[in-house]
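Printed here is query36.cif (mmCIF, C-alpha atoms):
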data_my_file
loop_
_atom_site.label_atom_id
_atom_site.label_comp_id
_atom_site.auth_asym_id
_atom_site.auth_seq_id
_atom_site.Cartn_x
_atom_site.Cartn_y
_atom_site.Cartn_z
CA MET A 155 193.88 107.27 28.82
CA LYS A 156 197.45 107.01 30.06
CA ASN A 157 198.15 104.32 27.52
CA PHE A 158 196.47 106.30 24.77
CA LEU A 159 198.71 109.30 25.46
CA LYS A 160 201.77 107.03 25.68
CA GLU A 161 201.00 105.33 22.42
CA ASN A 162 199.58 108.21 20.42
CA GLY A 163 200.93 111.29 22.21
CA LEU A 164 203.38 112.16 19.54
CA TRP A 165 200.68 111.88 16.89
CA VAL A 166 198.33 114.12 18.85
CA LEU A 167 201.08 116.65 19.33
CA PHE A 168 201.88 116.54 15.67
CA ALA A 169 198.20 116.95 14.71
CA ALA A 170 197.91 119.92 17.05
CA ALA A 171 201.01 121.48 15.50
CA VAL A 172 199.63 120.94 12.00
CA ILE A 173 196.26 122.50 12.99
CA ALA A 174 198.06 125.43 14.61
CA VAL A 175 200.21 126.04 11.59
CA GLY A 176 197.12 125.67 9.40
CA LEU A 177 195.20 128.23 11.44
CA ALA A 178 198.18 130.60 11.38
CA VAL A 179 198.51 130.30 7.60
CA LEU A 180 194.71 130.71 7.23
CA SER A 181 194.65 133.82 9.37
CA TYR A 182 197.59 135.25 7.51
CA PHE A 183 195.89 134.94 4.17
CA SER A 184 192.32 135.77 5.25
CA ASN A 185 190.97 138.57 7.49
CA ASN A 186 187.97 136.61 8.66
CA SER A 187 188.55 132.92 8.76
CA PRO A 188 185.47 130.65 8.64
CA LEU A 189 186.51 128.89 11.82
CA GLU A 190 187.00 132.10 13.70
CA SER A 191 183.69 133.31 12.35
CA LEU A 192 182.03 130.10 13.49
CA VAL A 193 183.46 130.38 17.00
CA GLY A 194 182.49 134.05 17.17
CA THR A 195 178.96 133.26 16.06
CA VAL A 196 178.60 130.54 18.62
CA THR A 197 180.04 132.54 21.50
CA SER A 198 178.30 135.83 20.65
CA PRO A 199 175.00 135.18 22.52
CA PHE A 200 176.95 134.06 25.57
CA ARG A 201 179.10 137.16 25.40
CA THR A 202 175.98 139.30 25.05
CA ALA A 203 174.34 137.58 27.97
CA TYR A 204 177.50 137.83 30.04
CA SER A 205 177.88 141.46 29.11
CA ALA A 206 174.22 142.17 29.95
CA VAL A 207 174.56 140.53 33.35
CA ALA A 208 177.86 142.30 34.01
CA ASN A 209 176.35 145.62 32.94
CA TRP A 210 173.32 145.04 35.16
CA VAL A 211 175.53 144.25 38.15
CA THR A 212 177.75 147.25 37.39
CA ASP A 213 174.66 149.43 37.03
CA LYS A 214 173.30 148.25 40.36
CA GLN A 215 176.67 148.72 41.98
CA ASN A 216 176.97 152.20 40.48
CA TYR A 217 173.40 153.02 41.49
CA TYR A 218 174.09 151.99 45.07
CA GLU A 219 177.38 153.86 45.15
CA ASP A 220 175.82 156.91 43.47
CA THR A 221 172.86 156.90 45.88
CA LYS A 222 175.16 156.61 48.84
CA ALA A 223 177.39 159.38 47.49
CA LEU A 224 174.39 161.54 46.65
CA LYS A 225 172.95 161.08 50.12
CA GLU A 226 176.26 162.09 51.64
CA GLU A 227 176.54 165.01 49.22
CA ASN A 228 172.95 165.99 50.02
CA GLU A 229 173.71 165.99 53.74
CA ASP A 230 176.84 168.07 53.12
CA LEU A 231 174.90 170.49 50.93
CA LYS A 232 172.15 170.80 53.54
CA LYS A 233 174.79 171.62 56.14
CA GLN A 234 176.40 174.08 53.75
CA ILE A 235 173.00 175.72 53.08
CA ALA A 236 172.31 175.98 56.81
CA ASP A 237 175.79 177.47 57.36
CA MET A 238 175.31 179.88 54.48
CA GLN A 239 171.86 180.93 55.70
CA ASP A 240 173.39 181.53 59.10
CA GLN A 241 176.16 183.55 57.44
CA ILE A 242 173.57 185.50 55.43
CA ARG A 243 171.65 186.31 58.60
CA GLN A 244 174.87 187.34 60.33
CA ALA A 245 175.90 189.34 57.25
CA LYS A 246 172.55 191.14 57.20
CA SER A 247 172.87 191.96 60.88
CA ASP A 248 176.51 193.06 60.37
CA SER A 249 175.51 195.06 57.33
CA GLU A 250 172.82 196.90 59.28
CA GLU A 251 175.21 197.52 62.15
CA ASN A 252 177.86 198.65 59.66
CA LYS A 253 175.39 201.06 58.08
CA ARG A 254 174.49 202.48 61.49
CA LEU A 255 178.13 202.81 62.50
CA ARG A 256 179.05 204.44 59.16
CA GLU A 257 176.26 206.93 59.63
CA LEU A 258 177.43 207.52 63.19
CA LEU A 259 181.01 207.93 61.98
CA ASN A 260 179.79 210.41 59.41
CA LEU A 261 177.82 212.17 62.14
CA GLN A 262 180.85 212.16 64.42
CA GLU A 263 182.97 213.63 61.64
CA GLN A 264 180.37 216.34 61.17
CA ARG A 265 179.79 216.79 64.89
CA ARG A 266 183.19 216.52 66.53
CA ASP A 267 181.71 218.22 69.60
CA LEU A 268 179.66 215.13 70.53
CA GLN A 269 180.94 212.14 72.50
CA THR A 270 178.54 209.20 72.31
CA VAL A 271 178.09 205.68 73.61
CA SER A 272 175.96 203.12 71.77
CA ALA A 273 173.11 201.38 73.58
CA TYR A 274 170.44 198.84 72.77
CA VAL A 275 166.76 199.42 73.50
CA THR A 276 165.74 196.74 76.01
CA GLU A 277 162.15 197.87 76.55
CA GLN A 278 159.71 200.20 74.83
CA SER A 279 157.12 202.15 76.88
CA ALA A 280 156.15 200.30 80.09
CA SER A 281 153.06 202.47 80.59
CA ASN A 282 150.35 203.76 78.28
CA TRP A 283 150.65 207.21 79.87
CA THR A 284 154.30 207.85 79.07
CA SER A 285 156.53 207.47 76.03
CA SER A 286 159.76 205.99 77.26
CA LEU A 287 162.57 203.59 76.40
CA THR A 288 164.85 201.54 78.60
CA LEU A 289 168.46 201.20 77.41
CA ASN A 290 171.22 198.78 78.40
CA GLN A 291 173.81 201.45 79.23
CA GLY A 292 174.06 203.44 82.42
CA THR A 293 176.32 205.46 84.65
CA ASP A 294 179.15 202.90 84.26
CA SER A 295 179.36 203.98 80.60
CA GLY A 296 179.14 207.68 81.34
CA VAL A 297 175.39 208.06 80.84
CA GLN A 298 173.84 210.71 83.08
CA GLU A 299 170.36 212.04 83.73
CA GLY A 300 169.67 214.71 81.14
CA SER A 301 171.90 213.16 78.46
CA CYS A 302 170.42 213.41 74.98
CA VAL A 303 169.76 210.22 73.04
CA ILE A 304 170.05 210.22 69.25
CA THR A 305 169.88 207.79 66.35
CA GLU A 306 172.86 207.06 64.11
CA SER A 307 171.60 209.78 61.77
CA GLY A 308 171.60 212.40 64.51
CA TYR A 309 167.84 212.47 65.01
CA LEU A 310 166.88 213.26 68.59
CA VAL A 311 165.10 210.38 70.37
CA GLY A 312 164.75 211.82 73.86
CA VAL A 313 166.46 212.67 77.10
CA VAL A 314 167.70 210.30 79.82
CA ASP A 315 165.34 210.53 82.81
CA LYS A 316 166.85 208.01 85.24
CA ALA A 317 170.17 206.17 85.11
CA GLY A 318 171.49 203.16 86.99
CA PRO A 319 174.86 201.43 86.69
CA ASN A 320 173.93 199.43 83.57
CA TRP A 321 170.55 200.81 82.55
CA CYS A 322 168.78 204.07 81.93
CA THR A 323 165.26 205.16 81.06
CA VAL A 324 164.74 207.71 78.35
CA LEU A 325 161.71 209.95 78.02
CA THR A 326 161.21 210.33 74.29
CA VAL A 327 160.49 213.64 72.58
CA LEU A 328 156.80 212.58 72.53
CA ASP A 329 156.47 212.37 76.32
CA THR A 330 154.59 215.15 78.10
CA ASP A 331 157.52 215.70 80.48
CA THR A 332 159.96 216.42 77.65
CA SER A 333 160.53 220.05 76.79
CA LEU A 334 163.41 221.33 74.65
CA GLY A 335 164.59 224.63 73.30
CA ALA A 336 164.12 224.43 69.54
CA LYS A 337 164.66 226.50 66.45
CA VAL A 338 163.45 226.43 62.88
CA PHE A 339 166.48 225.46 60.78
CA ARG A 340 165.42 227.61 57.79
CA THR A 341 164.61 230.84 59.64
CA ASN A 342 166.38 230.41 63.01
CA ASP A 343 163.08 231.28 64.75
CA LEU A 344 163.05 229.99 68.33
CA GLY A 345 160.35 227.96 70.10
CA ILE A 346 159.79 225.16 72.60
CA ALA A 347 159.37 221.59 71.38
CA SER A 348 157.42 219.56 73.92
CA GLY A 349 155.33 216.43 74.22
CA ASP A 350 151.58 216.83 74.18
CA PHE A 351 149.21 214.20 75.59
CA ASN A 352 146.69 214.58 72.79
CA LEU A 353 149.43 214.20 70.15
CA MET A 354 151.44 211.46 71.91
CA SER A 355 149.17 208.62 70.78
CA GLN A 356 149.55 209.85 67.18
CA GLY A 357 153.34 209.85 67.51
CA ARG A 358 153.58 213.65 67.17
CA LEU A 359 154.81 216.54 69.34
CA LYS A 360 154.21 220.25 69.56
CA LEU A 361 156.32 223.32 68.76
CA SER A 362 154.96 226.26 70.72
CA TYR A 363 155.94 229.69 72.08
CA LEU A 364 156.81 230.78 68.58
CA THR A 365 157.71 234.41 68.00
CA SER A 366 154.85 236.44 66.59
CA GLY A 367 156.42 237.01 63.17
CA SER A 368 157.60 233.47 62.54
CA GLN A 369 156.60 232.03 59.20
CA LEU A 370 156.53 228.25 59.36
CA LEU A 371 156.12 226.06 56.33
CA ASN A 372 155.12 222.42 56.21
CA GLY A 373 158.30 220.33 56.02
CA ASP A 374 160.45 222.88 57.87
CA GLN A 375 163.15 221.09 59.84
CA ILE A 376 163.21 221.75 63.59
CA VAL A 377 166.49 221.32 65.50
CA THR A 378 167.57 221.85 69.09
CA SER A 379 168.56 225.44 69.76
CA GLY A 380 171.23 224.60 72.35
CA GLN A 381 170.31 227.73 74.27
CA GLY A 382 171.05 227.48 77.95
CA GLY A 383 173.72 224.87 77.34
CA PHE A 384 171.62 221.97 78.67
CA TYR A 385 171.41 220.17 75.35
CA PRO A 386 173.66 220.22 72.25
CA SER A 387 172.52 222.45 69.42
CA GLY A 388 171.57 221.27 65.94
CA LEU A 389 170.10 217.86 66.82
CA ILE A 390 167.22 217.18 64.45
CA ILE A 391 163.92 216.93 66.34
CA GLY A 392 161.51 216.61 63.44
CA THR A 393 159.67 218.36 60.65
CA VAL A 394 156.65 220.64 60.68
CA GLU A 395 153.54 218.73 59.65
CA GLU A 396 150.84 221.27 60.36
CA VAL A 397 150.55 224.79 61.76
CA LYS A 398 147.53 225.40 64.02
CA LEU A 399 146.05 228.15 66.17
CA ASP A 400 145.68 227.37 69.87
CA ASP A 401 142.30 227.45 71.68
CA SER A 402 142.55 231.18 72.39
CA GLY A 403 143.19 231.85 68.72
CA ALA A 404 145.91 234.34 69.61
CA THR A 405 149.02 232.24 69.10
CA SER A 406 149.94 229.45 66.76
CA TYR A 407 151.76 226.21 67.32
CA ALA A 408 153.13 223.58 64.98
CA VAL A 409 152.57 219.84 65.03
CA LEU A 410 155.91 218.11 64.50
CA LYS A 411 156.57 214.68 63.13
CA PRO A 412 159.70 213.35 64.89
CA SER A 413 162.49 212.35 62.53
CA ALA A 414 163.42 209.33 64.65
CA ASP A 415 161.17 206.30 64.09
CA ILE A 416 160.69 205.75 67.82
CA PRO A 417 158.61 202.51 67.87
CA GLU A 418 161.12 200.79 65.56
CA LEU A 419 164.31 201.75 67.42
CA THR A 420 166.68 198.94 68.39
CA GLU A 421 169.99 200.76 68.81
CA VAL A 422 170.58 204.37 69.83
CA PHE A 423 173.48 206.57 70.90
CA VAL A 424 173.63 208.48 74.17
CA ILE A 425 175.54 211.76 74.10
CA LYS A 426 177.90 211.53 77.06
CA SER A 427 179.34 214.99 76.65
CA PHE A 428 179.36 217.86 74.17
CA ARG A 429 181.09 221.14 73.62
CA ILE A 430 178.99 224.25 73.36
CA VAL A 431 179.38 225.58 69.82
CA ASP A 432 178.53 229.24 69.32
CA MET B 156 144.19 181.58 112.10
CA LEU B 157 147.33 180.57 110.20
CA ALA B 158 150.58 179.65 111.90
CA ARG B 159 153.56 181.92 111.36
CA SER B 160 155.26 179.55 108.90
CA GLU B 161 152.01 179.13 106.97
CA THR B 162 151.57 182.90 106.77
CA LEU B 163 155.10 183.24 105.50
CA MET B 164 154.48 180.52 102.91
CA LYS B 165 151.22 182.18 101.84
CA TRP B 166 152.87 185.54 101.13
CA LEU B 167 155.77 183.83 99.43
CA LEU B 168 153.29 182.11 97.09
CA TYR B 169 151.43 185.40 96.50
CA ALA B 170 154.76 187.07 95.71
CA LEU B 171 155.60 184.30 93.22
CA ALA B 172 152.16 184.59 91.60
CA ALA B 173 152.61 188.37 91.36
CA LEU B 174 156.05 187.83 89.81
CA VAL B 175 154.50 185.55 87.18
CA CYS B 176 151.95 188.28 86.38
CA CYS B 177 154.72 190.92 86.18
CA MET B 178 156.69 188.72 83.80
CA ALA B 179 153.60 188.17 81.66
CA GLN B 180 153.12 191.96 81.59
CA GLY B 181 156.73 192.68 80.59
CA LEU B 182 157.24 189.81 78.18
CA VAL B 183 153.86 189.51 76.49
CA LEU B 184 151.22 192.11 77.31
CA GLN B 185 153.41 195.17 76.67
CA ARG B 186 153.85 193.93 73.10
CA LEU B 187 150.13 193.40 72.51
CA LEU B 188 149.07 196.77 71.17
CA PHE B 189 145.38 197.22 70.42
CA PHE B 190 144.57 200.67 69.02
CA GLY B 191 147.94 201.83 70.33
CA VAL B 192 147.23 200.68 73.91
CA PHE B 193 148.38 197.60 75.81
CA PRO B 194 146.78 195.88 78.84
CA PHE B 195 148.12 197.07 82.22
CA LEU B 196 147.84 194.34 84.84
CA TYR B 197 149.35 195.91 87.97
CA PRO B 198 146.23 197.69 89.34
CA ALA B 199 144.21 194.52 88.69
CA LEU B 200 146.80 192.51 90.61
CA ALA B 201 146.37 194.75 93.68
CA ALA B 202 142.58 194.67 93.37
CA VAL B 203 142.21 190.89 92.96
CA LEU B 204 144.40 190.09 95.94
CA SER B 205 142.61 192.65 98.10
CA THR B 206 139.20 191.13 97.31
CA LEU B 207 140.52 187.73 98.42
CA GLU B 208 142.55 188.68 101.47
CA GLY B 209 140.60 191.61 102.88
CA ALA B 210 141.36 195.23 103.71
CA VAL B 211 144.56 195.21 105.78
CA PRO B 212 146.61 192.49 104.05
CA GLY B 213 145.32 193.69 100.65
CA THR B 214 146.30 197.30 101.31
CA VAL B 215 149.76 196.31 102.57
CA PHE B 216 150.33 194.10 99.51
CA SER B 217 149.11 196.92 97.25
CA LEU B 218 151.48 199.36 98.94
CA VAL B 219 154.45 197.05 98.34
CA LEU B 220 153.36 196.49 94.73
CA GLY B 221 153.00 200.26 94.28
CA ILE B 222 156.53 200.88 95.58
CA VAL B 223 157.93 198.23 93.24
CA CYS B 224 156.01 199.73 90.28
CA ASP B 225 157.24 203.24 91.08
CA LEU B 226 160.80 201.96 91.18
CA ALA B 227 160.48 200.04 87.93
CA LEU B 228 158.07 202.04 85.78
CA PRO B 229 158.27 205.59 84.46
CA GLY B 230 155.58 207.91 85.79
CA PRO B 231 154.66 211.58 85.90
CA ILE B 232 155.49 211.73 89.63
CA PRO B 233 157.84 209.44 91.57
CA CYS B 234 155.15 208.04 93.92
CA LEU B 235 152.13 207.64 91.64
CA TYR B 236 151.59 203.91 92.16
CA THR B 237 152.58 204.06 95.86
CA LEU B 238 149.74 206.51 96.36
CA VAL B 239 147.07 204.92 94.24
CA PHE B 240 147.53 201.17 94.69
CA PRO B 241 146.81 201.05 98.47
CA LEU B 242 143.74 203.17 97.80
CA ALA B 243 142.69 200.75 95.04
CA GLY B 244 143.38 197.79 97.34
CA LEU B 245 141.29 199.28 100.15
CA ALA B 246 138.44 200.09 97.76
CA SER B 247 138.55 196.54 96.36
CA ALA B 248 138.40 194.99 99.83
CA LEU B 249 135.42 197.21 100.70
CA ILE B 250 133.63 196.16 97.50
CA ALA B 251 134.22 192.50 98.40
CA GLN B 252 133.05 192.95 102.00
CA ASN B 253 129.98 195.12 101.42
CA TRP B 254 128.69 195.07 97.86
CA ILE B 255 129.51 192.06 95.74
CA LYS B 256 129.97 188.48 96.95
CA ASN B 257 133.60 187.47 96.77
CA GLY B 258 134.35 185.75 93.47
CA PHE B 259 135.35 186.45 89.89
CA LEU B 260 132.66 189.10 89.32
CA CYS B 261 133.81 190.93 92.43
CA ALA B 262 137.44 190.76 91.24
CA LEU B 263 136.38 192.08 87.83
CA VAL B 264 134.49 195.06 89.28
CA ALA B 265 137.31 195.78 91.76
CA SER B 266 139.89 195.64 88.95
CA ALA B 267 137.86 198.06 86.84
CA CYS B 268 137.67 200.43 89.84
CA ALA B 269 141.43 200.10 90.44
CA MET B 270 142.18 200.87 86.77
CA ILE B 271 139.88 203.89 86.81
CA LEU B 272 141.37 205.17 90.09
CA THR B 273 144.91 204.84 88.73
CA ASP B 274 144.04 206.59 85.47
CA LEU B 275 142.06 209.33 87.23
CA LEU B 276 145.13 210.12 89.33
CA GLN B 277 147.22 210.27 86.14
CA MET B 278 144.67 212.72 84.71
CA LEU B 279 144.69 214.77 87.93
CA ILE B 280 148.48 215.08 87.69
CA LEU B 281 148.20 216.20 84.05
CA LEU B 282 145.59 218.73 85.15
CA LEU B 283 147.82 220.02 87.95
CA GLN B 284 150.72 220.27 85.52
CA ARG B 285 148.44 222.32 83.27
CA ARG B 286 148.86 219.92 80.41
CA GLU B 287 146.22 219.49 77.75
CA PHE B 288 144.78 216.02 78.07
CA TRP B 289 141.20 216.27 76.87
CA PRO B 290 139.93 214.11 75.08
CA ALA B 291 142.94 211.79 74.77
CA ALA B 292 143.27 210.90 78.47
CA PRO B 293 139.65 209.77 79.17
CA LEU B 294 139.73 207.82 75.92
CA LEU B 295 142.98 206.16 76.98
CA MET B 296 141.44 205.32 80.38
CA LEU B 297 138.47 203.61 78.71
CA LYS B 298 140.64 201.71 76.24
CA GLU B 299 143.14 200.61 78.92
CA THR B 300 140.39 199.44 81.31
CA ALA B 301 138.48 197.58 78.59
CA LEU B 302 141.64 195.93 77.35
CA THR B 303 142.84 194.87 80.81
CA LEU B 304 139.57 193.35 82.07
CA PRO B 305 139.78 190.11 80.02
CA PHE B 306 143.19 189.46 81.58
CA VAL B 307 141.70 189.66 85.09
CA LEU B 308 140.48 186.06 84.65
CA PRO B 309 143.96 184.41 84.60
CA VAL B 310 145.11 186.72 87.43
CA TYR B 311 142.03 185.78 89.49
CA LEU B 312 142.49 182.04 88.83
CA LEU B 313 146.13 182.22 89.88
CA MET B 314 145.52 184.24 93.04
CA ALA B 315 142.43 182.21 93.96
CA ALA B 316 144.46 179.01 93.64
CA VAL B 317 147.02 180.38 96.12
CA TYR B 318 144.20 181.55 98.40
CA ARG B 319 142.47 178.14 98.35
CA ARG B 320 145.75 176.34 99.01
CA CYS B 321 146.61 178.53 102.01
CA HIS B 322 143.12 178.77 103.53
CA ARG B 323 141.91 175.20 103.13
CA TYR B 324 141.53 174.65 106.91
CA ASP B 325 139.82 178.01 107.63
#

In structure tokens, write the structure found in this file.
Amino acid sequence: MKNFLKENGLWVLFAAAVIAVGLAVLSYFSNNSPLESLVGTVTSPFRTAYSAVANWVTDKQNYYEDTKALKEENEDLKKQIADMQDQIRQAKSDSEENKRLRELLNLQEQRRDLQTVSAYVTEQSASNWTSSLTLNQGTDSGVQEGSCVITESGYLVGVVDKAGPNWCTVLTVLDTDTSLGAKVFRTNDLGIASGDFNLMSQGRLKLSYLTSGSQLLNGDQIVTSGQGGFYPSGLIIGTVEEVKLDDSGATSYAVLKPSADIPELTEVFVIKSFRIVD
Amino acid sequence: MLARSETLMKWLLYALAALVCCMAQGLVLQRLLFFGVFPFLYPALAAVLSTLEGAVPGTVFSLVLGIVCDLALPGPIPCLYTLVFPLAGLASALIAQNWIKNGFLCALVASACAMILTDLLQMLILLLQRREFWPAAPLLMLKETALTLPFVLPVYLLMAAVYRRCHRYD
């Protein structure tokens, strides 16, 4: 081989140069040379096969990478969904609190004579024979026995019965021990709103001691009269549902539906102090 | 006759069992409203223990339970449970000693009596306060008693377990 290259090297080089020049001339004068075509035809299946294999490998690689990325993305999205659901829950809670506080603000703008403290209901009635609530605010926050408890809309819930440093129990307007001076908002007729044992289980209370000429209509709004200065005036107790005659048949009383939805209460406001408005 | 330390341990266990019942009342039973009424375990608690332990220890336990209930629960008068629970405890012990053999049936009957006594006193107070209570109050008494009686079984099992543990050498 060494000898062959030594003896015929120049000839081989010359032949290669001639072929190269020939191919260059051929390609110059023709777009698709027969030789090139031949080589392309021969190599085409190999290229196809190579390409197919390369594509398959690339596909598999992409599939693996995509799956891995998708799994990671899925995990991230799940976390995001959980975070967002948490935010939605928080937003709902904030929104409800905001609504309550707006209503309270509105009430406080209307009733500048009232000073309130917010409290959460920690326990509904602990006995079947009373209608009471336990709140998480007490004397440390200025709550006293006899303080009125209202909702954010100004509906009367009840009156504080006992108060400790960080708790108080409230007898609701439905309880038999609750008795409040009341008046009919439309006519200013006076009466006494009090709990009645027969009505308590139905979630209703009674308006009695009405003046003889009073004309009550169903739907009439009943508010606190404020007479005597024990309780603020104008707190909404409820609406007249039915007017009835008592057992003697001589006097009438009204069955009131309280405006506050007592079994559903979660947050209330205790009136710490109020100015007597004439 | 139990030694002093054993007696102390016995009442400590009874107190713990009563605490469990009170927690069950506050956490669960008060939220189980059937026809607007929930079960009320406290009179049953006094009655069951009195049937097991007898008149004097039962009455003393009932008195303590009554004081705790009056301090924690709202009532028409400040000493409602202090008055009625010792009476219910004494009545329960008498039922166990004289009428029905001590056991679950005795505890059930004693609990029913304790519930009725408690609710009758509530009605008497309403009557004295000249409040209208007919027919809602007797109806409430029936509903409350009927609703509480099924829960006497777990109370009895718990108290009887403490009783058996503390009186095994009697």

task: Kindly provide, as a PyMOL selection string, the residues of chain B having any atom no farther than 8 Å from an atom of chain A, counting all atoms listed in the file.
output: chain B and resi 181+185+191-193+195+228-231+277+286-292+295+299

Go ahead and write the selection's residues with C-alpha atoms as a PDB file, in the coordinates of the input.
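Produced file result_12.pdb, reproduced below:
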ATOM      1  CA  GLY B 181     156.730 192.680  80.590  1.00  0.00           C
ATOM      2  CA  GLN B 185     153.410 195.170  76.670  1.00  0.00           C
ATOM      3  CA  GLY B 191     147.940 201.830  70.330  1.00  0.00           C
ATOM      4  CA  VAL B 192     147.230 200.680  73.910  1.00  0.00           C
ATOM      5  CA  PHE B 193     148.380 197.600  75.810  1.00  0.00           C
ATOM      6  CA  PHE B 195     148.120 197.070  82.220  1.00  0.00           C
ATOM      7  CA  LEU B 228     158.070 202.040  85.780  1.00  0.00           C
ATOM      8  CA  PRO B 229     158.270 205.590  84.460  1.00  0.00           C
ATOM      9  CA  GLY B 230     155.580 207.910  85.790  1.00  0.00           C
ATOM     10  CA  PRO B 231     154.660 211.580  85.900  1.00  0.00           C
ATOM     11  CA  GLN B 277     147.220 210.270  86.140  1.00  0.00           C
ATOM     12  CA  ARG B 286     148.860 219.920  80.410  1.00  0.00           C
ATOM     13  CA  GLU B 287     146.220 219.490  77.750  1.00  0.00           C
ATOM     14  CA  PHE B 288     144.780 216.020  78.070  1.00  0.00           C
ATOM     15  CA  TRP B 289     141.200 216.270  76.870  1.00  0.00           C
ATOM     16  CA  PRO B 290     139.930 214.110  75.080  1.00  0.00           C
ATOM     17  CA  ALA B 291     142.940 211.790  74.770  1.00  0.00           C
ATOM     18  CA  ALA B 292     143.270 210.900  78.470  1.00  0.00           C
ATOM     19  CA  LEU B 295     142.980 206.160  76.980  1.00  0.00           C
ATOM     20  CA  GLU B 299     143.140 200.610  78.920  1.00  0.00           C
TER      21      GLU B 299
END

task: Given the file shown, enumerate the residues that the PyMOL selection byres ((chain A and resi 296) around 12) captures and present them as number ranges by chain.
output: A: 269-273, 291-295, 297-301, 314, 317-322, 423-427

How would the residues just chosen look if you wrote them out with C-alpha atoms as a PDB file, keeping the file's coordinate frame?
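See out-v2.pdb below for the written result:
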ATOM      1  CA  GLN A 269     180.940 212.140  72.500  1.00  0.00           C
ATOM      2  CA  THR A 270     178.540 209.200  72.310  1.00  0.00           C
ATOM      3  CA  VAL A 271     178.090 205.680  73.610  1.00  0.00           C
ATOM      4  CA  SER A 272     175.960 203.120  71.770  1.00  0.00           C
ATOM      5  CA  ALA A 273     173.110 201.380  73.580  1.00  0.00           C
ATOM      6  CA  GLN A 291     173.810 201.450  79.230  1.00  0.00           C
ATOM      7  CA  GLY A 292     174.060 203.440  82.420  1.00  0.00           C
ATOM      8  CA  THR A 293     176.320 205.460  84.650  1.00  0.00           C
ATOM      9  CA  ASP A 294     179.150 202.900  84.260  1.00  0.00           C
ATOM     10  CA  SER A 295     179.360 203.980  80.600  1.00  0.00           C
ATOM     11  CA  VAL A 297     175.390 208.060  80.840  1.00  0.00           C
ATOM     12  CA  GLN A 298     173.840 210.710  83.080  1.00  0.00           C
ATOM     13  CA  GLU A 299     170.360 212.040  83.730  1.00  0.00           C
ATOM     14  CA  GLY A 300     169.670 214.710  81.140  1.00  0.00           C
ATOM     15  CA  SER A 301     171.900 213.160  78.460  1.00  0.00           C
ATOM     16  CA  VAL A 314     167.700 210.300  79.820  1.00  0.00           C
ATOM     17  CA  ALA A 317     170.170 206.170  85.110  1.00  0.00           C
ATOM     18  CA  GLY A 318     171.490 203.160  86.990  1.00  0.00           C
ATOM     19  CA  PRO A 319     174.860 201.430  86.690  1.00  0.00           C
ATOM     20  CA  ASN A 320     173.930 199.430  83.570  1.00  0.00           C
ATOM     21  CA  TRP A 321     170.550 200.810  82.550  1.00  0.00           C
ATOM     22  CA  CYS A 322     168.780 204.070  81.930  1.00  0.00           C
ATOM     23  CA  PHE A 423     173.480 206.570  70.900  1.00  0.00           C
ATOM     24  CA  VAL A 424     173.630 208.480  74.170  1.00  0.00           C
ATOM     25  CA  ILE A 425     175.540 211.760  74.100  1.00  0.00           C
ATOM     26  CA  LYS A 426     177.900 211.530  77.060  1.00  0.00           C
ATOM     27  CA  SER A 427     179.340 214.990  76.650  1.00  0.00           C
TER      28      SER A 427
END

- prompt: For this file, the PyMOL selection byres ((chain B and resi 215) around 12) selects which residues, as an MDAnalysis selection string?
  reply: chainID B and resid 166 201:202 204:205 208:214 216:222 237:238 240:245 248

- prompt: To one decimal place, how far is CA of Val207 in chain A from CA of Leu224 in chain A in Å?
  reply: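 Separating CA of Val207 in chain A from CA of Leu224 in chain A is a distance of 24.9 Å.
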
Sorted by chain and rising residue number, list the residues of range 219-294 of chain B at most 12 Å from range 313-324 of chain B (counting all atoms listed in the file), each with its closest atom pair and distance in Å to one decimal, as JSON lines.
{"residue": "B:Asn257", "atom": "CA", "partner": "B:Ala315", "partner_atom": "CA", "distance": 10.7}
{"residue": "B:Gly258", "atom": "CA", "partner": "B:Ala315", "partner_atom": "CA", "distance": 8.8}
{"residue": "B:Phe259", "atom": "CA", "partner": "B:Ala315", "partner_atom": "CA", "distance": 9.2}
{"residue": "B:Ala262", "atom": "CA", "partner": "B:Ala315", "partner_atom": "CA", "distance": 10.3}

query: Between CA of Glu421 in chain A and CA of Ile390 in chain A, what is the distance, to one decimal in Å?
result: 17.2 Å

message: Applying the PyMOL selection byres ((chain A and resi 378) around 9) to the file I just gave you, which residues come out? Please list them as number ranges by chain.
response: A: 310, 334-338, 347, 376-377, 379-381, 385-391

message: Using Å and a single decimal, report how far CA of Glu395 in chain A sits from CA of Asn372 in chain A.
response: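 Between these atoms lies a distance of 5.3 Å.
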
message: For Ser266 in chain B, find every residue with an atom within 7 Å (counting all atoms listed in the file), except residues of its own chain fewer than 5 positions away, and show them as a ChimeraX atom specification.
response: /B:198-199,202-203

Would you output that residue set with C-alpha atoms, as a tab-separated table (two decimals), in the coordinates of the input?
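So selection_13.tsv came out as:
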chain	number	residue	atom	x	y	z
B	198	PRO	CA	146.23	197.69	89.34
B	199	ALA	CA	144.21	194.52	88.69
B	202	ALA	CA	142.58	194.67	93.37
B	203	VAL	CA	142.21	190.89	92.96

query: So, counting all atoms listed in the file, which residue among B:Tyr197, B:Lys256, B:Ile280, B:Cys268 is closest to Pro233 in chain B?
result: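 Among B:Tyr197, B:Lys256, B:Ile280, B:Cys268, it is B:Ile280 that comes nearest to Pro233 in chain B.
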
Can you tell me, as a short mmCIF file (atom, residue, chain, number, x, y, z; two decimals) with C-alpha atoms, keeping the file's coordinate frame, what residues are no more than 8 Å from Val409 in chain A when counting only C-alpha atoms, ignoring any on the same chain fewer than 2 positions away?
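The result, written out as selection-v1.cif:
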data_model
loop_
_atom_site.label_atom_id
_atom_site.label_comp_id
_atom_site.auth_asym_id
_atom_site.auth_seq_id
_atom_site.Cartn_x
_atom_site.Cartn_y
_atom_site.Cartn_z
CA ARG A 358 153.58 213.65 67.17
CA LEU A 359 154.81 216.54 69.34
CA LYS A 360 154.21 220.25 69.56
CA LEU A 361 156.32 223.32 68.76
CA VAL A 394 156.65 220.64 60.68
CA GLU A 395 153.54 218.73 59.65
CA GLU A 396 150.84 221.27 60.36
CA VAL A 397 150.55 224.79 61.76
CA LYS A 398 147.53 225.40 64.02
CA TYR A 407 151.76 226.21 67.32
CA LYS A 411 156.57 214.68 63.13
#
